[in-house]
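Shown below: coords_1.txt, with compact mmCIF, C-alpha atoms.
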# COMPACT_ATOMS: atom_id res chain seq x y z
CA MET W 2 131.59 115.91 107.93
CA SER W 3 128.89 118.27 106.70
CA VAL W 4 125.19 117.44 106.61
CA THR W 5 125.11 117.88 102.86
CA SER W 6 127.99 115.43 102.44
CA LEU W 7 126.22 112.86 104.61
CA LEU W 8 122.98 113.26 102.68
CA GLY W 9 124.94 113.02 99.45
CA GLU W 10 126.07 109.53 100.46
CA ILE W 11 122.45 108.31 100.39
CA ALA W 12 121.16 110.46 97.54
CA ASP W 13 120.63 107.44 95.26
CA THR W 14 119.15 105.12 97.88
CA GLY W 15 115.46 104.45 97.37
CA ARG W 16 114.88 106.73 94.39
CA ASP W 17 111.42 106.13 92.95
CA PRO W 18 111.45 106.15 89.13
CA VAL W 19 107.64 106.23 88.91
CA ARG W 20 106.56 108.69 91.62
CA GLY W 21 109.75 110.70 91.73
CA GLY W 22 111.50 111.44 94.99
CA TYR W 23 112.14 108.54 97.36
CA THR W 24 110.19 105.50 98.48
CA ARG W 25 111.77 104.02 101.59
CA PRO W 26 109.20 102.04 103.59
CA VAL W 27 110.43 100.47 106.81
CA PHE W 28 112.50 97.29 106.34
CA SER W 29 112.43 97.64 102.56
CA ALA W 30 115.72 97.15 100.74
CA ALA W 31 116.15 100.93 100.60
CA GLU W 32 115.45 101.56 104.27
CA THR W 33 117.61 98.61 105.28
CA ASP W 34 120.47 100.08 103.23
CA LEU W 35 119.95 103.41 105.03
CA ARG W 36 120.07 101.67 108.42
CA GLU W 37 123.38 100.09 107.40
CA TRP W 38 124.62 103.49 106.21
CA PHE W 39 123.83 104.94 109.64
CA ARG W 40 125.64 102.12 111.41
CA ALA W 41 128.69 102.59 109.20
CA ALA W 42 128.68 106.37 109.72
CA ALA W 43 128.41 105.85 113.48
CA HIS W 44 131.25 103.31 113.53
CA ALA W 45 133.38 105.74 111.51
CA ARG W 46 132.94 108.17 114.43
CA ASP W 47 133.90 105.49 116.99
CA LEU W 48 130.34 105.43 118.31
CA ASP W 49 129.09 102.20 119.87
CA VAL W 50 126.06 100.93 117.92
CA GLU W 51 123.26 98.70 119.11
CA THR W 52 119.74 97.86 117.95
CA ASP W 53 117.12 97.38 120.66
CA ARG W 54 114.27 94.90 120.67
CA ASN W 55 111.91 97.33 118.93
CA GLY W 56 114.30 98.00 116.05
CA VAL W 57 115.52 101.39 117.31
CA ILE W 58 119.21 101.94 116.47
CA TRP W 59 121.34 103.67 119.11
CA ALA W 60 124.81 105.11 118.41
CA TRP W 61 126.57 106.06 121.65
CA TRP W 62 129.21 108.70 122.31
CA GLY W 63 130.17 107.51 125.76
CA ALA W 64 128.92 104.49 127.67
CA PRO W 65 125.17 103.82 127.55
CA HIS W 66 123.56 104.90 130.78
CA ASP W 67 120.34 106.32 132.17
CA GLY W 68 119.62 110.01 131.68
CA ALA W 69 121.64 110.45 128.48
CA LEU W 70 121.13 113.24 125.97
CA VAL W 71 119.54 111.73 122.87
CA THR W 72 118.96 113.13 119.39
CA GLY W 73 117.91 111.69 116.04
CA SER W 74 114.95 111.01 113.79
CA HIS W 75 113.89 108.41 111.19
CA LEU W 76 115.01 107.11 107.79
CA ASP W 77 111.78 105.68 106.33
CA SER W 78 109.68 107.77 103.94
CA VAL W 79 106.22 108.15 102.49
CA PRO W 80 105.80 106.90 98.89
CA GLY W 81 107.53 109.38 96.60
CA GLY W 82 108.71 111.53 99.50
CA GLY W 83 111.46 114.12 99.66
CA ALA W 84 115.12 113.78 100.50
CA PHE W 85 114.98 115.53 103.88
CA ASP W 86 111.98 114.24 105.84
CA GLY W 87 113.71 112.05 108.39
CA PRO W 88 117.25 111.74 107.01
CA LEU W 89 117.99 115.44 107.65
CA GLY W 90 117.51 114.86 111.38
CA VAL W 91 119.66 111.73 111.36
CA ALA W 92 122.47 113.34 109.34
CA SER W 93 122.28 116.46 111.53
CA ALA W 94 122.64 114.33 114.67
CA LEU W 95 125.88 112.84 113.32
CA ALA W 96 127.12 116.24 112.12
CA ALA W 97 126.30 117.81 115.49
CA ILE W 98 128.50 115.24 117.20
CA ASP W 99 131.26 116.18 114.76
CA HIS W 100 130.81 119.85 115.66
CA LEU W 101 130.97 119.14 119.38
CA ARG W 102 134.16 117.15 118.97
CA ASP W 103 135.67 119.91 116.83
CA ARG W 104 134.92 122.28 119.70
CA GLY W 105 136.93 120.03 122.01
CA LEU W 106 133.88 119.10 124.07
CA GLN W 107 134.17 116.22 126.51
CA PRO W 108 130.54 115.50 127.43
CA ALA W 109 129.79 115.07 131.11
CA ARG W 110 127.09 112.57 130.18
CA SER W 111 126.69 110.32 127.19
CA ILE W 112 125.10 111.43 123.94
CA ALA W 113 123.24 109.04 121.65
CA ALA W 114 122.13 109.45 118.05
CA VAL W 115 119.08 107.31 117.30
CA VAL W 116 117.02 106.08 114.36
CA PHE W 117 113.38 105.17 114.96
CA PRO W 118 111.70 102.71 112.55
CA GLU W 119 108.36 103.26 110.75
CA GLU W 120 107.83 106.90 111.70
CA GLU W 121 105.73 107.56 108.62
CA GLY W 122 103.54 104.47 108.96
CA SER W 123 103.67 104.07 105.18
CA ARG W 124 104.08 100.28 105.30
CA PHE W 125 102.06 99.12 108.31
CA GLY W 126 99.68 102.05 108.78
CA VAL W 127 100.68 103.17 112.27
CA ALA W 128 102.88 106.25 112.46
CA CYS W 129 105.79 106.36 114.92
CA LEU W 130 105.55 102.60 115.36
CA GLY W 131 108.99 102.19 116.94
CA SER W 132 108.61 104.97 119.50
CA ARG W 133 105.04 103.89 120.29
CA LEU W 134 106.21 100.36 121.00
CA MET W 135 109.16 101.50 123.11
CA THR W 136 107.04 103.81 125.27
CA GLY W 137 104.16 101.34 125.63
CA ALA W 138 101.76 103.51 123.64
CA LEU W 139 101.05 100.65 121.20
CA ASP W 140 99.96 97.17 122.21
CA PRO W 141 102.56 94.67 120.90
CA ASP W 142 99.87 92.16 119.91
CA ARG W 143 98.32 94.78 117.67
CA ALA W 144 101.73 95.65 116.22
CA ARG W 145 102.55 92.02 115.49
CA ALA W 146 99.26 91.64 113.59
CA LEU W 147 99.65 94.74 111.40
CA VAL W 148 99.65 93.80 107.70
CA ASP W 149 101.36 95.52 104.78
CA ALA W 150 100.06 95.82 101.21
CA ASP W 151 101.60 92.44 100.33
CA GLY W 152 99.74 90.67 103.15
CA ARG W 153 102.84 90.25 105.32
CA THR W 154 102.52 90.90 109.04
CA PHE W 155 104.83 93.15 110.99
CA ALA W 156 105.83 90.08 113.00
CA GLU W 157 106.99 88.28 109.86
CA VAL W 158 108.86 91.24 108.44
CA ALA W 159 110.48 92.14 111.76
CA ARG W 160 111.69 88.56 112.23
CA ASP W 161 113.26 88.61 108.76
CA HIS W 162 115.26 91.66 109.85
CA GLY W 163 116.63 90.23 113.07
CA ILE W 164 113.96 91.50 115.47
CA ASP W 165 112.20 88.89 117.60
CA PRO W 166 108.50 89.83 117.46
CA ALA W 167 107.90 88.02 120.74
CA HIS W 168 109.98 90.66 122.53
CA ILE W 169 108.68 93.89 121.01
CA GLY W 170 106.78 96.29 123.25
CA ALA W 171 107.25 98.63 126.19
CA ASP W 172 110.93 98.96 127.07
CA PRO W 173 111.33 100.86 130.36
CA ALA W 174 115.10 100.33 130.33
CA ALA W 175 115.43 102.03 126.94
CA VAL W 176 113.17 104.89 128.01
CA ALA W 177 115.23 105.38 131.17
CA ARG W 178 118.31 105.95 129.02
CA ILE W 179 116.75 109.12 127.65
CA GLY W 180 117.26 112.06 129.97
CA GLN W 181 116.23 114.52 127.25
CA PHE W 182 115.35 113.97 123.60
CA VAL W 183 115.86 116.59 120.88
CA GLU W 184 114.67 115.86 117.36
CA LEU W 185 115.74 118.04 114.44
CA HIS W 186 113.40 117.84 111.45
CA VAL W 187 112.84 119.63 108.20
CA GLU W 188 110.09 122.23 108.65
CA GLN W 189 107.11 120.94 106.72
CA GLY W 190 105.21 124.18 106.33
CA ARG W 191 106.13 127.76 105.48
CA GLY W 192 106.65 128.94 109.05
CA LEU W 193 110.26 129.99 108.50
CA GLY W 194 109.78 131.51 105.05
CA HIS W 195 112.67 132.96 103.06
CA CYS W 196 113.98 135.46 105.61
CA GLY W 197 115.22 135.45 109.16
CA PRO W 198 116.88 132.66 111.14
CA PRO W 199 116.87 129.29 109.36
CA VAL W 200 116.13 127.28 112.52
CA ALA W 201 113.16 127.36 114.90
CA VAL W 202 112.32 125.70 118.21
CA GLY W 203 109.24 123.49 118.24
CA ASP W 204 106.32 124.09 120.59
CA ALA W 205 103.11 122.14 119.90
CA VAL W 206 102.46 119.13 117.67
CA LEU W 207 98.88 119.16 116.41
CA GLY W 208 96.64 116.25 117.28
CA HIS W 209 96.06 113.93 114.36
CA GLY W 210 94.77 110.52 113.48
CA ARG W 211 94.36 108.06 110.66
CA TRP W 212 91.17 106.22 109.90
CA ARG W 213 90.13 103.73 107.22
CA PHE W 214 86.70 103.54 105.66
CA LEU W 215 85.60 100.10 104.52
CA LEU W 216 82.92 100.73 101.89
CA THR W 217 81.16 97.58 100.65
CA GLY W 218 78.74 97.08 97.77
CA GLN W 219 78.15 94.51 95.04
CA GLY W 220 80.91 93.60 92.64
CA ASN W 221 79.58 93.14 89.11
CA HIS W 222 80.23 93.40 85.37
CA ALA W 223 80.85 96.93 84.09
CA GLY W 224 79.19 96.24 80.74
CA THR W 225 76.10 94.27 81.68
CA THR W 226 74.99 95.97 84.89
CA LEU W 227 72.58 98.85 84.29
CA MET W 228 73.30 102.09 86.14
CA ASP W 229 70.12 101.83 88.19
CA ASP W 230 71.01 98.29 89.25
CA ARG W 231 74.37 99.12 90.74
CA ARG W 232 75.59 99.11 94.34
CA ASP W 233 78.90 100.76 93.60
CA PRO W 234 81.13 101.59 96.58
CA MET W 235 83.38 103.69 94.32
CA ILE W 236 80.57 106.22 94.04
CA VAL W 237 80.41 106.27 97.83
CA ALA W 238 84.17 106.82 97.98
CA ALA W 239 83.85 109.80 95.64
CA LYS W 240 81.16 111.33 97.83
CA VAL W 241 83.30 110.75 100.92
CA VAL W 242 86.27 112.54 99.37
CA LEU W 243 84.11 115.57 98.60
CA ALA W 244 82.53 115.50 102.06
CA VAL W 245 85.96 115.43 103.70
CA ARG W 246 86.98 118.60 101.90
CA GLN W 247 83.69 120.40 102.49
CA LEU W 248 83.43 119.53 106.19
CA ALA W 249 87.07 120.27 106.97
CA ALA W 250 86.91 123.61 105.15
CA SER W 251 84.07 124.63 107.47
CA VAL W 252 86.24 124.14 110.60
CA PRO W 253 88.93 126.77 111.27
CA HIS W 254 92.46 125.32 111.49
CA ALA W 255 91.29 121.81 110.53
CA ARG W 256 93.18 119.70 107.98
CA ALA W 257 91.60 116.58 106.50
CA THR W 258 92.95 114.48 103.65
CA VAL W 259 92.12 111.38 101.69
CA GLY W 260 95.49 110.23 100.43
CA ARG W 261 94.81 106.63 99.47
CA ILE W 262 91.92 104.75 97.83
CA LEU W 263 92.03 101.01 97.16
CA PRO W 264 89.25 99.43 95.08
CA VAL W 265 88.80 95.66 95.20
CA PRO W 266 89.27 93.81 92.88
CA GLY W 267 90.57 96.83 90.97
CA GLY W 268 89.76 95.86 87.37
CA THR W 269 88.96 98.54 84.80
CA ASN W 270 85.87 96.63 83.62
CA VAL W 271 84.69 95.61 87.07
CA ILE W 272 82.34 97.37 89.48
CA ALA W 273 84.20 97.22 92.77
CA SER W 274 82.86 95.05 95.56
CA ARG W 275 84.79 96.96 98.19
CA VAL W 276 86.68 100.22 98.43
CA GLU W 277 89.04 101.17 101.25
CA VAL W 278 89.52 104.90 101.83
CA TRP W 279 92.22 106.23 104.17
CA LEU W 280 91.48 109.44 106.05
CA ASP W 281 93.91 111.77 107.86
CA VAL W 282 92.43 114.46 110.16
CA ARG W 283 94.31 117.06 112.25
CA HIS W 284 93.36 119.95 114.52
CA PRO W 285 94.89 121.68 117.57
CA ASP W 286 91.81 120.80 119.66
CA ASP W 287 91.32 117.05 120.07
CA LEU W 288 87.57 117.45 120.70
CA VAL W 289 87.25 119.28 117.38
CA THR W 290 89.15 116.46 115.68
CA ALA W 291 86.77 113.88 117.15
CA ASP W 292 83.70 115.89 116.13
CA LEU W 293 84.96 116.37 112.58
CA VAL W 294 85.68 112.65 112.18
CA ALA W 295 82.19 111.85 113.48
CA ARG W 296 80.65 114.23 110.96
CA ILE W 297 82.66 112.70 108.13
CA ALA W 298 81.61 109.22 109.25
CA SER W 299 77.96 110.30 109.26
CA ALA W 300 78.33 111.71 105.75
CA ALA W 301 79.86 108.40 104.62
CA GLU W 302 76.98 106.42 106.09
CA THR W 303 74.48 108.66 104.30
CA ALA W 304 76.34 108.31 101.01
CA ALA W 305 76.51 104.54 101.43
CA ALA W 306 72.77 104.29 102.10
CA GLU W 307 72.04 106.34 98.98
CA GLU W 308 73.97 103.83 96.87
CA GLY W 309 72.73 100.66 98.57
CA CYS W 310 76.13 100.11 100.16
CA GLU W 311 77.54 99.93 103.68
CA SER W 312 80.20 102.00 105.43
CA MET W 313 82.40 101.09 108.38
CA LEU W 314 85.05 103.33 109.93
CA ILE W 315 88.17 101.80 111.51
CA GLU W 316 90.60 103.83 113.61
CA GLU W 317 94.20 103.09 112.63
CA SER W 318 96.03 105.51 114.94
CA LEU W 319 95.27 108.58 117.03
CA SER W 320 97.64 111.07 118.65
CA PRO W 321 96.44 113.96 120.81
CA THR W 322 97.84 117.47 120.55
CA VAL W 323 101.19 117.56 122.35
CA HIS W 324 102.87 120.59 123.88
CA LEU W 325 106.55 119.77 124.04
CA ASN W 326 108.33 120.11 127.38
CA PRO W 327 108.24 123.84 128.29
CA GLY W 328 111.39 123.75 130.40
CA LEU W 329 113.39 122.06 127.66
CA ARG W 330 111.90 124.41 125.08
CA ALA W 331 113.05 127.41 127.13
CA GLN W 332 116.58 125.99 127.42
CA MET W 333 116.70 125.39 123.67
CA ALA W 334 115.47 128.91 122.94
CA LEU W 335 118.19 130.38 125.16
CA ALA W 336 120.78 128.46 123.16
CA LEU W 337 119.39 129.94 119.92
CA PRO W 338 118.81 133.65 120.59
CA GLY W 339 116.66 135.33 117.98
CA GLY W 340 115.12 132.07 116.81
CA ARG W 341 111.41 131.55 116.34
CA VAL W 342 109.07 129.13 118.11
CA LEU W 343 106.77 127.15 115.82
CA ASP W 344 103.90 124.70 116.08
CA THR W 345 103.71 121.86 113.58
CA GLY W 346 100.88 119.98 111.94
CA ALA W 347 103.11 116.98 111.26
CA GLY W 348 103.56 114.04 113.62
CA HIS W 349 106.96 113.15 115.06
CA ASP W 350 108.60 110.61 117.36
CA ALA W 351 109.39 113.49 119.74
CA ALA W 352 105.67 113.94 120.34
CA VAL W 353 105.30 110.27 121.29
CA LEU W 354 108.34 110.34 123.55
CA SER W 355 107.12 113.53 125.23
CA ALA W 356 104.64 111.46 127.23
CA VAL W 357 107.49 109.79 129.12
CA VAL W 358 110.64 111.97 128.79
CA PRO W 359 111.38 115.69 128.29
CA SER W 360 111.31 116.13 124.52
CA GLY W 361 111.94 119.05 122.19
CA MET W 362 112.21 119.80 118.48
CA LEU W 363 114.19 121.97 116.11
CA PHE W 364 112.96 122.80 112.62
CA THR W 365 115.28 123.61 109.72
CA ARG W 366 113.95 125.96 107.04
CA ASN W 367 112.16 124.58 104.00
CA ALA W 368 111.41 127.91 102.34
CA GLU W 369 108.64 126.78 99.99
CA GLY W 370 106.96 124.64 102.65
CA ILE W 371 106.59 121.60 100.38
CA SER W 372 107.02 118.23 102.05
CA HIS W 373 106.00 114.60 101.49
CA SER W 374 106.83 115.37 97.87
CA PRO W 375 109.84 115.18 95.55
CA GLU W 376 109.87 119.01 95.59
CA GLU W 377 110.80 119.12 99.27
CA HIS W 378 113.97 121.23 99.52
CA VAL W 379 116.46 122.58 102.05
CA GLU W 380 119.28 124.89 101.00
CA ASP W 381 122.74 123.57 101.85
CA SER W 382 123.47 126.63 103.98
CA ASP W 383 120.28 126.10 105.98
CA ALA W 384 121.05 122.41 106.48
CA GLU W 385 124.47 123.27 107.87
CA ALA W 386 122.97 125.99 110.08
CA GLY W 387 120.55 123.41 111.45
CA ALA W 388 123.34 121.03 112.42
CA ARG W 389 125.26 123.84 114.12
CA ALA W 390 122.10 124.88 115.97
CA LEU W 391 121.57 121.30 117.11
CA ALA W 392 125.17 121.21 118.36
CA ASP W 393 124.60 124.50 120.20
CA VAL W 394 121.51 123.09 121.88
CA LEU W 395 123.20 119.84 122.85
CA GLU W 396 126.18 121.73 124.28
CA ALA W 397 123.86 123.97 126.30
CA LEU W 398 121.92 120.99 127.66
CA LEU W 399 125.13 119.24 128.66
Translate the structure of the given file into structure tokens.
Amino acid sequence: MSVTSLLGEIADTGRDPVRGGYTRPVFSAAETDLREWFRAAAHARDLDVETDRNGVIWAWWGAPHDGALVTGSHLDSVPGGGAFDGPLGVASALAAIDHLRDRGLQPARSIAAVVFPEEEGSRFGVACLGSRLMTGALDPDRARALVDADGRTFAEVARDHGIDPAHIGADPAAVARIGQFVELHVEQGRGLGHCGPPVAVGDAVLGHGRWRFLLTGQGNHAGTTLMDDRRDPMIVAAKVVLAVRQLAASVPHARATVGRILPVPGGTNVIASRVEVWLDVRHPDDLVTADLVARIASAAETAAAEEGCESMLIEESLSPTVHLNPGLRAQMALALPGGRVLDTGAGHDAAVLSAVVPSGMLFTRNAEGISHSPEEHVEDSDAEAGARALADVLEALL
């Protein structure tokens, strides 16, 4: 079956009528439906399906064993995200297996298609949660205590979806099953443009992190509190947003974003008592990232002092710059002659896994470079070319 046909089967799942695009946070009704869709698609291909103790779904062509060739991605999304970020890689993994079978291939070692949960971190705040747990990069106690916007812990939500939170965490047996991991993903910048090959091999994944500012002041009445008597953390938040842009613009190759602001209590006629501001910072040099975050934190403290407020910075997650396995990258490039090699500013499960297993990435063209948005787009012909390229790479690695 083609990639476009597979994606067509889930085109109505998780549509967001307010934001546009798709909202598919981990273990939501939409993401759960997608996980069931993947299981059904795998069973239709006579693949053996299992879910491990961290919620990673494995679909096996051949008996599960150590050193297998593994490919896949994620199904969760950011709020109002596009149709391709995550699902393209999952659908391409299934389509690649179809291509290999059509070629009459009998793999000498098993192949697994996988789905990792909570890659975006849009529900519990930590990106690549499933792969971080599996590899031991995230402490399970911290994961269990993570809280979503409704005040529910990851432990509670995981238990409701058949995962025992007591058993999440580092899984050496699962890691040992991965001899090599190849993740296909929609390209989230304009690196492939409108011309040339539609698929590129990944090289480096830029270091990035997420932080949360807790800005506190004095909640009060909007109508009776004089301007000079206010300790308004929303003013501090506004200054922080501007400082983020100004400071990041002064650092070559830096990217810094405030994508979420939450005032408490959030009334239109109430001066907020607290404002939470989420910060995303990325740069190829991890020392530069750390310095930029420190400068932003200093600016926030200054802004808070000016308004009679307080500022505290909390690190939510941090990933260093990762150079994907050079040997695997070279093998992948040989299987795709004439293809380009690209770095990416987006985070991926492959970058987390690269600390423990040889990992590589393929990027399928997104000509306009728009992602994390309803306007994200991949031409059908490019999607099919990506699945064929993934099949070519898998065949070469076998």
Practice item. Go ahead and compute the interatomic distance for CA of Ser318 in chain W and CA of Arg283 in chain W, in Å to one decimal. Key: 12.0 Å
**Study point:** Spatial neighbours of Gly192 in chain W, 12 Å, only C-alpha atoms, chain gap at least 2 places, as a PyMOL selection string
**Key:** chain W and resi 187-190+194-203+340-346+364-371
Practice item. Identify which of the residues W:Arg54, W:His284, W:Arg275, W:Lys240 lies closest to Val252 in chain W, counting all atoms listed in the file when measuring atom-to-atom distances. Key: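 Of W:Arg54, W:His284, W:Arg275, W:Lys240, the one nearest Val252 in chain W is W:His284, counting all atoms listed in the file.
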Exercise for review: Compile the contact shell of Trp279 in chain W as a PyMOL selection string: residues with an atom at most 6 Å away, counting all atoms listed in the file, same-chain residues fewer than 2 positions apart removed.
Suggested key: chain W and resi 212-213+259+261
How about saving the chosen residues, C-alpha atoms kept, as a PDB file, in the coordinates of the input?
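To be explicit, this is the file written out as selection-v8.pdb:
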ATOM      1  CA  TRP W 212      91.170 106.220 109.900  1.00  0.00           C
ATOM      2  CA  ARG W 213      90.130 103.730 107.220  1.00  0.00           C
ATOM      3  CA  VAL W 259      92.120 111.380 101.690  1.00  0.00           C
ATOM      4  CA  ARG W 261      94.810 106.630  99.470  1.00  0.00           C
TER       5      ARG W 261
END
Review point. What lies within 9 Å of range 150-161 of chain W using all atoms listed in the file, ignoring chain neighbours under 3 positions off, as a list in words?
Key: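 The contact residues come out as Phe28, Asn55, Gly56, Arg124, Phe125, Ala144, Arg145, Ala146, Leu147, Ile164, Asp165, Pro166 and Ala167 of chain W.
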**Study point:** Selected residue, from W:Gly81, W:Gly218, W:Gly387, W:Pro359, that lies nearest to Ala304 in chain W when counting all atoms listed in the file
**Key:**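 Selected residue with least distance to Ala304 in chain W: W:Gly218.
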Check your understanding: What does the distance from CA of Val271 in chain W to CA of Met228 in chain W come to in Å, to one decimal?
Key -> 13.1 Å
**Study point:** Contacts of Asp204 in chain W within 12 Å, only C-alpha atoms, excl. fewer than 6 positions in-chain, as a ChimeraX atom specification
**Key:** /W:322-331,333-334,341-346,351-352,355,360-364
Practice item. Find the residue from W:Ala291, W:Ala384, W:Ala114, W:Val357 that sits nearest to Glu184 in chain W; use all atoms listed in the file when measuring. Key: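 With all atoms listed in the file as the atom set, the closest residue is W:Ala114.
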Review point. Just how far from CA of Gln332 in chain W is CA of Leu7 in chain W, in Å to one decimal?
Key: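 Distance between the two atoms: 28.0 Å.
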Point to revise | Nearest-residue call for Leu335 in chain W, choices W:Ile297, W:Leu227, W:Ala238, W:Val394, using all atoms listed in the file | key: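 With all atoms listed in the file as the atom set, the closest residue is W:Val394.
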